[in-house]
Each structure stands twice: as structure tokens, then as C-alpha cells.
Amino acid sequence: MNTATATAAPAPLLRVERLKKHYTAPQRWLTPRKPPIQAVDGVSFTVTRGETLSLVGESGCGKTTTAKSVLRLVEPSSGSVQLDGEELLGLSAHAMRLRRRDLQIIFQDPYASLSPRLTAGEIVAEPLRNFGMHSRAERAERVQWLFGKVGLRPEAVKKYPHEFSGGQRQRLGIARALALNPKLIVCDEPVSALDVSVQAQVVNLLMDLQAEFGIAYLFVAHDLAVVRHISHRVAVMYLGQIVELADRDALFSAPLHPYTEILLSAVPVPDPRTPARRLLLQGDPPSPANPPAGCRFHTRCPLAQAVCKEQAPELAGRPSASGGSHQVACHFR
Ligand code: SF4
């Protein structure tokens, strides 16, 4: 056997390169043009089959915009998004719609994303009908199978969304996302609206489905305990850019970026004998319409030096505590 072939890393399922989403305010008569809001500014990452990559960071860091840009629910300003080697950003609306078979999304608020006029069975059957499963009997059979996979009772097909609990509604959203056998599901804060006990059930369900079907997740969350449980790798975003990207264990046990250290210090420590060492983030995040020059974190960084105000650090690889990959954007780490 060719050794090079045997050891080659698998091609990524999703490859995102230099992705940008800048929002430009409409120009008003006799008023100066406002600078664009740089919601996402030059983000690159990959996701392999069956992997969970989480995007974390403060509100407004660009994690949800990045995830929605991958699906083109938000139209990126520039960059590249490739699924299985096919560029998605140049596709026509029709071609993109067909490609969405492979790319699904689970929303934070399942109630808002489910039509109140359709029964649960009709909601899950809708994508099947839209993508060519014309036989009513086949659709009904597939819906029953999907309900079983997500832990909903068969008779629930006749209920309307308002008759479900929050956790059951999220299971319904997962069944709808699963209907077309997607390769990748974007999970946009899928458990943050749920009670803590229900959160664990839904996270475990997502992990079971991944193990059974090899689905990849691009998981957006702010709850780092959930992220630690479900992720294979984690990307930390600050002001529209990735500042650290590493295997889950390396990131949580030996974070490199000062911003990641501060974020992780807020995670509760379960062992009462381990003293909590809470670090505080100084000040408010700068405006994404006018991000600081140099390192975007320098206005809040406890380690900032003169060079940080002038030169933006590249996201570059470092030796990893776990032996896996570890990238960080900092001049001193
Ligand atoms: Fe802090 Fe400078 Fe590193 Fe940015 S480059 S994180 S400001 S030390």
C-alpha cells in the first residue's frame, strides 16, 4: 500500500476561506457615508465528516453570521465556501436550493421556526415533498421513522407545534433537519432556550445521531459547558475574526489566546476543592464598524504591548498539548 495514501488526512467536508460579511448602511443625502459593519472579517476553517466544530465568543462576535453565511441564509460579501469541493458562493438560487439537501439548520427558537398552521407530521414531511418524495405513504413511513429517531411518539404527528414542550419542539426541528439525510447541520444555539435538564437530553440526542449517521455539525453556542461536551474542535471568535482554533481538549486544558483564557475562566469548576480563578474582561467590545488597528483585542488585552496596536497577528499553528492542531492569533503566545 502507498504510505502517503494511507496516512493522508481526509478531505474536509466543508472548507471556508477568507469569509467576509460586511454590512453597508444605505447612503443618506448630505450625510457622510458610514463605514461598513465588519460582522465577519476573513474567517477560515474546515469541518470534516462526522465532526463537530463549535464557534464560540461574546454576543456580536460574528459566530451566528458566520454559520448562516455558510448556508447563504446571509449572503457573504466575499470569500469561499466549499462543500465536498463544490464552491457554494457562485451557485444560482435554484442550484443552492438543491444543495441545501446536504446542508440543514437547527434554530435557537424552534417555536419561531415551525409553522403553527402545520401538524408536526406535515412539518417534517414538507422537505421530503419538496425534494421529490411524491408518495404520501412513503413520506408517512419516513416521518414515523424520523420521529422514532428523535424520541417523539408516533401519535405526535397529528399535534401542532404549540402542543409540544420546548424540548419536544427542538426534537421536531431536529427531525425536520434530518429528513433529507444531510451531510452537515448548522446548529445555531440549539439548546440555549431550553431548561438545563432538557438541554442535556437534546445535546445527547445530537451526539447519538452523529454517531449513527456520521453527520457533521457546525455548532454555535455561548454555553462553554455544552461546547466542551459536544465538540471535537472549537474556534473562538472575537470581533469578526477567529483568534484561536484547537482540539477541544487542548483548548480547554491549555488555552493560548488571552481572550480564550478569560472566556474559559467564567466556566464553573465542578470540584469545590479547585479554587475558581475568574478573570474579568475589561471594557466593552469595540464597534465592528470601527475595529481597532493591529490586534483587534488590544484595547482589552492584559498582555498588550506597543506592537499589538500596529500589527495584526496571523492565526498560526503552535505545538499542541494534546498532539492535535492548535492555532492562535497572538504575537506573544
Ligand atoms: Fe493581546 Fe497582543 Fe496577543 Fe493581541 S497580540 S492578544 S493584544 S498580547
# chains A, B, ... in the order shown; residues from 1 in each chain; ligands from 1

$ residues_near_ligand --ligand "ligand 1" --cutoff "8 Å" --atoms "only C-alpha atoms and all ligand atoms" --output "JSON, numbers by chain"
{"A": [257, 258, 259, 294, 295, 296, 297, 298, 299, 300, 301, 302, 303, 304, 305, 307, 308, 309, 312, 313, 329, 330, 331, 332, 333]}

$ select_by_dssp --residues "segment 30-267 of chain A" --states "alpha helix (DSSP H)" --output "PyMOL selection string"
chain A and resi 63-71+93-99+110-113+120-130+136-150+166-178+196-213+224-230+248-253+258-265

$ residues_around --residues "Pro288 of chain A" --least-positions-apart "2" --cutoff "6 Å" --atoms "only C-alpha atoms" --output "ChimeraX atom specification"
/A:37-38,290-291

$ closest_atom_pairs --of "segment 168-258 of chain A" --to "segment 57-78 of chain A" --cutoff "8 Å" --atoms "only C-alpha atoms" --output "tab-separated table"
residue	atom	partner	partner_atom	distance
A:Val186	CA	A:Ala67	CA	6.6
A:Asp188	CA	A:Thr64	CA	6.7
A:Leu218	CA	A:Ala67	CA	7.1
A:Val220	CA	A:Lys63	CA	6.5
A:His222	CA	A:Gly57	CA	6.4
A:Val236	CA	A:Gly57	CA	5.7
A:Met237	CA	A:Gly57	CA	5.1
A:Tyr238	CA	A:Cys61	CA	5.1
A:Leu239	CA	A:Cys61	CA	4.6
A:Gly240	CA	A:Gly62	CA	4.9
A:Gln241	CA	A:Gly62	CA	7.6

$ residues_around --residues "segment 112-114 of chain A" --least-positions-apart "4" --cutoff "12 Å" --atoms "only C-alpha atoms" --output "PDB file with N, CA, C and O atoms, in the first residue's frame"
ATOM      1  N   ILE A 105     -30.227  23.309   8.980  1.00  0.00           N
ATOM      2  CA  ILE A 105     -30.011  24.168  10.143  1.00  0.00           C
ATOM      3  C   ILE A 105     -31.029  23.843  11.231  1.00  0.00           C
ATOM      4  O   ILE A 105     -32.186  23.502  10.938  1.00  0.00           O
ATOM      5  N   ILE A 106     -30.579  23.919  12.461  1.00  0.00           N
ATOM      6  CA  ILE A 106     -31.474  23.834  13.625  1.00  0.00           C
ATOM      7  C   ILE A 106     -31.373  25.192  14.318  1.00  0.00           C
ATOM      8  O   ILE A 106     -30.273  25.646  14.646  1.00  0.00           O
ATOM      9  N   PHE A 107     -32.520  25.821  14.541  1.00  0.00           N
ATOM     10  CA  PHE A 107     -32.528  27.179  15.084  1.00  0.00           C
ATOM     11  C   PHE A 107     -32.608  27.188  16.608  1.00  0.00           C
ATOM     12  O   PHE A 107     -33.026  26.217  17.228  1.00  0.00           O
ATOM     13  N   GLN A 108     -32.251  28.345  17.159  1.00  0.00           N
ATOM     14  CA  GLN A 108     -32.299  28.518  18.614  1.00  0.00           C
ATOM     15  C   GLN A 108     -33.725  28.406  19.137  1.00  0.00           C
ATOM     16  O   GLN A 108     -33.977  27.749  20.144  1.00  0.00           O
ATOM     17  N   LEU A 118     -49.210  24.033  10.535  1.00  0.00           N
ATOM     18  CA  LEU A 118     -48.982  22.661  10.065  1.00  0.00           C
ATOM     19  C   LEU A 118     -48.853  21.723  11.252  1.00  0.00           C
ATOM     20  O   LEU A 118     -48.345  22.107  12.314  1.00  0.00           O
ATOM     21  N   THR A 119     -49.302  20.488  11.068  1.00  0.00           N
ATOM     22  CA  THR A 119     -49.075  19.490  12.119  1.00  0.00           C
ATOM     23  C   THR A 119     -47.600  19.097  12.103  1.00  0.00           C
ATOM     24  O   THR A 119     -46.871  19.355  11.118  1.00  0.00           O
ATOM     25  N   ALA A 120     -47.175  18.453  13.185  1.00  0.00           N
ATOM     26  CA  ALA A 120     -45.776  18.030  13.274  1.00  0.00           C
ATOM     27  C   ALA A 120     -45.411  17.109  12.104  1.00  0.00           C
ATOM     28  O   ALA A 120     -44.331  17.227  11.523  1.00  0.00           O
ATOM     29  N   GLY A 121     -46.338  16.223  11.751  1.00  0.00           N
ATOM     30  CA  GLY A 121     -46.080  15.309  10.634  1.00  0.00           C
ATOM     31  C   GLY A 121     -45.910  16.064   9.329  1.00  0.00           C
ATOM     32  O   GLY A 121     -45.023  15.760   8.525  1.00  0.00           O
ATOM     33  N   GLU A 122     -46.753  17.086   9.119  1.00  0.00           N
ATOM     34  CA  GLU A 122     -46.656  17.871   7.870  1.00  0.00           C
ATOM     35  C   GLU A 122     -45.346  18.664   7.832  1.00  0.00           C
ATOM     36  O   GLU A 122     -44.739  18.814   6.770  1.00  0.00           O
ATOM     37  N   ILE A 123     -44.918  19.170   9.002  1.00  0.00           N
ATOM     38  CA  ILE A 123     -43.669  19.941   9.059  1.00  0.00           C
ATOM     39  C   ILE A 123     -42.484  19.086   8.638  1.00  0.00           C
ATOM     40  O   ILE A 123     -41.627  19.518   7.853  1.00  0.00           O
ATOM     41  N   VAL A 124     -42.432  17.869   9.127  1.00  0.00           N
ATOM     42  CA  VAL A 124     -41.284  17.000   8.812  1.00  0.00           C
ATOM     43  C   VAL A 124     -41.396  16.457   7.384  1.00  0.00           C
ATOM     44  O   VAL A 124     -40.387  16.221   6.709  1.00  0.00           O
ATOM     45  N   GLU A 126     -42.632  18.091   4.832  1.00  0.00           N
ATOM     46  CA  GLU A 126     -42.512  19.163   3.829  1.00  0.00           C
ATOM     47  C   GLU A 126     -41.216  19.072   3.013  1.00  0.00           C
ATOM     48  O   GLU A 126     -41.260  19.087   1.776  1.00  0.00           O
ATOM     49  N   TYR A 160     -49.974  19.941  16.841  1.00  0.00           N
ATOM     50  CA  TYR A 160     -49.446  21.206  16.318  1.00  0.00           C
ATOM     51  C   TYR A 160     -48.303  21.684  17.228  1.00  0.00           C
ATOM     52  O   TYR A 160     -48.232  21.278  18.406  1.00  0.00           O
ATOM     53  N   PRO A 161     -47.408  22.530  16.695  1.00  0.00           N
ATOM     54  CA  PRO A 161     -46.225  22.928  17.489  1.00  0.00           C
ATOM     55  C   PRO A 161     -46.559  23.453  18.880  1.00  0.00           C
ATOM     56  O   PRO A 161     -45.828  23.174  19.837  1.00  0.00           O
ATOM     57  N   HIS A 162     -47.682  24.193  19.030  1.00  0.00           N
ATOM     58  CA  HIS A 162     -47.970  24.760  20.356  1.00  0.00           C
ATOM     59  C   HIS A 162     -48.333  23.693  21.386  1.00  0.00           C
ATOM     60  O   HIS A 162     -48.365  23.974  22.582  1.00  0.00           O
ATOM     61  N   PHE A 164     -46.548  21.020  21.931  1.00  0.00           N
ATOM     62  CA  PHE A 164     -45.313  20.380  22.381  1.00  0.00           C
ATOM     63  C   PHE A 164     -44.634  21.215  23.461  1.00  0.00           C
ATOM     64  O   PHE A 164     -44.782  22.438  23.506  1.00  0.00           O
ATOM     65  N   GLY A 166     -40.940  22.703  25.037  1.00  0.00           N
ATOM     66  CA  GLY A 166     -39.784  23.284  24.340  1.00  0.00           C
ATOM     67  C   GLY A 166     -38.822  22.209  23.835  1.00  0.00           C
ATOM     68  O   GLY A 166     -38.353  22.263  22.695  1.00  0.00           O
ATOM     69  N   ARG A 169     -40.305  20.370  20.909  1.00  0.00           N
ATOM     70  CA  ARG A 169     -40.265  21.192  19.681  1.00  0.00           C
ATOM     71  C   ARG A 169     -38.875  21.162  19.066  1.00  0.00           C
ATOM     72  O   ARG A 169     -38.720  21.137  17.848  1.00  0.00           O
ATOM     73  N   GLN A 170     -37.832  21.175  19.923  1.00  0.00           N
ATOM     74  CA  GLN A 170     -36.488  21.121  19.354  1.00  0.00           C
ATOM     75  C   GLN A 170     -36.242  19.746  18.718  1.00  0.00           C
ATOM     76  O   GLN A 170     -35.593  19.652  17.677  1.00  0.00           O
ATOM     77  N   ARG A 171     -36.797  18.680  19.312  1.00  0.00           N
ATOM     78  CA  ARG A 171     -36.695  17.353  18.676  1.00  0.00           C
ATOM     79  C   ARG A 171     -37.376  17.365  17.306  1.00  0.00           C
ATOM     80  O   ARG A 171     -36.899  16.751  16.351  1.00  0.00           O
ATOM     81  N   LEU A 172     -38.496  18.074  17.229  1.00  0.00           N
ATOM     82  CA  LEU A 172     -39.209  18.186  15.948  1.00  0.00           C
ATOM     83  C   LEU A 172     -38.333  18.923  14.925  1.00  0.00           C
ATOM     84  O   LEU A 172     -38.240  18.522  13.758  1.00  0.00           O
ATOM     85  N   GLY A 173     -37.678  20.001  15.380  1.00  0.00           N
ATOM     86  CA  GLY A 173     -36.770  20.740  14.491  1.00  0.00           C
ATOM     87  C   GLY A 173     -35.624  19.849  14.020  1.00  0.00           C
ATOM     88  O   GLY A 173     -35.195  19.926  12.861  1.00  0.00           O
ATOM     89  N   ILE A 174     -35.144  18.982  14.900  1.00  0.00           N
ATOM     90  CA  ILE A 174     -34.058  18.075  14.527  1.00  0.00           C
ATOM     91  C   ILE A 174     -34.570  17.045  13.515  1.00  0.00           C
ATOM     92  O   ILE A 174     -33.894  16.736  12.527  1.00  0.00           O
ATOM     93  N   ALA A 175     -35.792  16.538  13.726  1.00  0.00           N
ATOM     94  CA  ALA A 175     -36.360  15.573  12.767  1.00  0.00           C
ATOM     95  C   ALA A 175     -36.482  16.208  11.388  1.00  0.00           C
ATOM     96  O   ALA A 175     -36.164  15.583  10.366  1.00  0.00           O
ATOM     97  N   ARG A 176     -36.930  17.461  11.346  1.00  0.00           N
ATOM     98  CA  ARG A 176     -37.052  18.145  10.050  1.00  0.00           C
ATOM     99  C   ARG A 176     -35.682  18.317   9.396  1.00  0.00           C
ATOM    100  O   ARG A 176     -35.518  18.115   8.194  1.00  0.00           O
ATOM    101  N   ALA A 177     -34.666  18.678  10.213  1.00  0.00           N
ATOM    102  CA  ALA A 177     -33.322  18.851   9.655  1.00  0.00           C
ATOM    103  C   ALA A 177     -32.744  17.537   9.145  1.00  0.00           C
ATOM    104  O   ALA A 177     -31.983  17.505   8.190  1.00  0.00           O
ATOM    105  N   ASP A 188     -27.625  26.444  15.472  1.00  0.00           N
ATOM    106  CA  ASP A 188     -27.487  27.837  15.923  1.00  0.00           C
ATOM    107  C   ASP A 188     -28.063  27.972  17.328  1.00  0.00           C
ATOM    108  O   ASP A 188     -29.271  28.141  17.488  1.00  0.00           O
ATOM    109  N   PRO A 190     -28.723  25.707  19.652  1.00  0.00           N
ATOM    110  CA  PRO A 190     -29.915  24.848  19.637  1.00  0.00           C
ATOM    111  C   PRO A 190     -30.479  24.527  21.014  1.00  0.00           C
ATOM    112  O   PRO A 190     -31.613  24.063  21.110  1.00  0.00           O
ATOM    113  N   ALA A 193     -32.322  28.002  24.586  1.00  0.00           N
ATOM    114  CA  ALA A 193     -33.658  28.430  25.031  1.00  0.00           C
ATOM    115  C   ALA A 193     -34.329  27.355  25.896  1.00  0.00           C
ATOM    116  O   ALA A 193     -35.483  27.510  26.278  1.00  0.00           O
TER     117      ALA A 193
END

$ select_by_dssp --residues "segment 92-211 of chain A" --states "strand (DSSP E)" --output "VMD selection string"
chain A and resid 103 to 106 184 to 188

$ atom_distance --atom1 "atom CA of Leu152 of chain A" --atom2 "atom CA of Lys183 of chain A"
22.5 Å

$ residues_around --residues "Val43 of chain A" --least-positions-apart "4" --cutoff "7 Å" --atoms "only C-alpha atoms" --output "count of residues only"
6

$ residues_around --residues "Ala225 of chain A" --least-positions-apart "4" --cutoff "12 Å" --atoms "only C-alpha atoms" --output "PDB file with N, CA and C atoms, in the first residue's frame"
ATOM      1  N   SER A  54     -17.255  23.796  16.961  1.00  0.00           N
ATOM      2  CA  SER A  54     -18.060  24.832  17.612  1.00  0.00           C
ATOM      3  C   SER A  54     -17.449  26.201  17.384  1.00  0.00           C
ATOM      4  N   VAL A  56     -17.468  29.852  19.183  1.00  0.00           N
ATOM      5  CA  VAL A  56     -17.838  30.488  20.455  1.00  0.00           C
ATOM      6  C   VAL A  56     -17.305  31.913  20.498  1.00  0.00           C
ATOM      7  N   VAL A 191     -29.720  24.740  22.085  1.00  0.00           N
ATOM      8  CA  VAL A 191     -30.251  24.383  23.404  1.00  0.00           C
ATOM      9  C   VAL A 191     -30.337  25.575  24.347  1.00  0.00           C
ATOM     10  N   SER A 192     -29.955  26.765  23.895  1.00  0.00           N
ATOM     11  CA  SER A 192     -29.873  27.870  24.846  1.00  0.00           C
ATOM     12  C   SER A 192     -31.240  28.355  25.313  1.00  0.00           C
ATOM     13  N   VAL A 196     -32.219  23.449  31.704  1.00  0.00           N
ATOM     14  CA  VAL A 196     -30.928  22.758  31.776  1.00  0.00           C
ATOM     15  C   VAL A 196     -31.082  21.242  31.621  1.00  0.00           C
ATOM     16  N   GLN A 199     -31.700  20.472  28.086  1.00  0.00           N
ATOM     17  CA  GLN A 199     -30.508  20.741  27.263  1.00  0.00           C
ATOM     18  C   GLN A 199     -29.675  19.478  27.109  1.00  0.00           C
ATOM     19  N   ALA A 200     -29.441  18.789  28.241  1.00  0.00           N
ATOM     20  CA  ALA A 200     -28.585  17.601  28.204  1.00  0.00           C
ATOM     21  C   ALA A 200     -29.188  16.536  27.303  1.00  0.00           C
ATOM     22  N   VAL A 203     -28.652  17.629  23.642  1.00  0.00           N
ATOM     23  CA  VAL A 203     -27.241  17.513  23.245  1.00  0.00           C
ATOM     24  C   VAL A 203     -26.871  16.040  23.059  1.00  0.00           C
ATOM     25  N   ALA A 221     -22.601  28.352  19.905  1.00  0.00           N
ATOM     26  CA  ALA A 221     -23.101  28.357  21.281  1.00  0.00           C
ATOM     27  C   ALA A 221     -22.311  29.339  22.116  1.00  0.00           C
ATOM     28  N   HIS A 229     -18.757  19.520  25.962  1.00  0.00           N
ATOM     29  CA  HIS A 229     -19.335  18.179  25.896  1.00  0.00           C
ATOM     30  C   HIS A 229     -19.452  17.682  24.450  1.00  0.00           C
ATOM     31  N   ILE A 230     -19.852  18.557  23.553  1.00  0.00           N
ATOM     32  CA  ILE A 230     -20.251  18.077  22.216  1.00  0.00           C
ATOM     33  C   ILE A 230     -19.144  18.213  21.161  1.00  0.00           C
ATOM     34  N   SER A 231     -18.144  19.087  21.387  1.00  0.00           N
ATOM     35  CA  SER A 231     -17.242  19.458  20.284  1.00  0.00           C
ATOM     36  C   SER A 231     -16.073  18.492  20.103  1.00  0.00           C
ATOM     37  N   ARG A 248     -10.696  20.224  21.113  1.00  0.00           N
ATOM     38  CA  ARG A 248     -11.446  20.570  22.324  1.00  0.00           C
ATOM     39  C   ARG A 248     -10.585  20.452  23.589  1.00  0.00           C
ATOM     40  N   PHE A 252      -9.475  23.564  26.085  1.00  0.00           N
ATOM     41  CA  PHE A 252      -9.975  23.717  27.456  1.00  0.00           C
ATOM     42  C   PHE A 252      -8.886  23.494  28.509  1.00  0.00           C
ATOM     43  N   LEU A 263     -12.464  33.932  28.692  1.00  0.00           N
ATOM     44  CA  LEU A 263     -13.761  33.259  28.479  1.00  0.00           C
ATOM     45  C   LEU A 263     -13.861  31.999  29.323  1.00  0.00           C
ATOM     46  N   LEU A 264     -12.809  31.176  29.295  1.00  0.00           N
ATOM     47  CA  LEU A 264     -12.858  29.886  29.992  1.00  0.00           C
ATOM     48  C   LEU A 264     -12.848  30.060  31.506  1.00  0.00           C
ATOM     49  N   SER A 265     -12.295  31.148  31.991  1.00  0.00           N
ATOM     50  CA  SER A 265     -12.256  31.333  33.446  1.00  0.00           C
ATOM     51  C   SER A 265     -13.658  31.537  34.011  1.00  0.00           C
ATOM     52  N   ALA A 266     -14.628  31.844  33.139  1.00  0.00           N
ATOM     53  CA  ALA A 266     -16.009  32.047  33.600  1.00  0.00           C
ATOM     54  C   ALA A 266     -16.774  30.731  33.709  1.00  0.00           C
ATOM     55  N   VAL A 267     -16.183  29.611  33.211  1.00  0.00           N
ATOM     56  CA  VAL A 267     -16.892  28.323  33.272  1.00  0.00           C
ATOM     57  C   VAL A 267     -16.810  27.799  34.702  1.00  0.00           C
ATOM     58  N   PRO A 268     -17.949  27.435  35.337  1.00  0.00           N
ATOM     59  CA  PRO A 268     -17.911  26.926  36.706  1.00  0.00           C
ATOM     60  C   PRO A 268     -17.068  25.659  36.816  1.00  0.00           C
ATOM     61  N   VAL A 269     -16.285  25.553  37.918  1.00  0.00           N
ATOM     62  CA  VAL A 269     -15.464  24.361  38.151  1.00  0.00           C
ATOM     63  C   VAL A 269     -16.261  23.405  39.029  1.00  0.00           C
ATOM     64  N   PRO A 270     -16.510  22.149  38.579  1.00  0.00           N
ATOM     65  CA  PRO A 270     -17.373  21.256  39.361  1.00  0.00           C
ATOM     66  C   PRO A 270     -16.744  20.813  40.687  1.00  0.00           C
TER      67      PRO A 270
END

$ atom_distance --atom1 "atom CA of His232 of chain A" --atom2 "atom CA of Thr52 of chain A"
5.3 Å
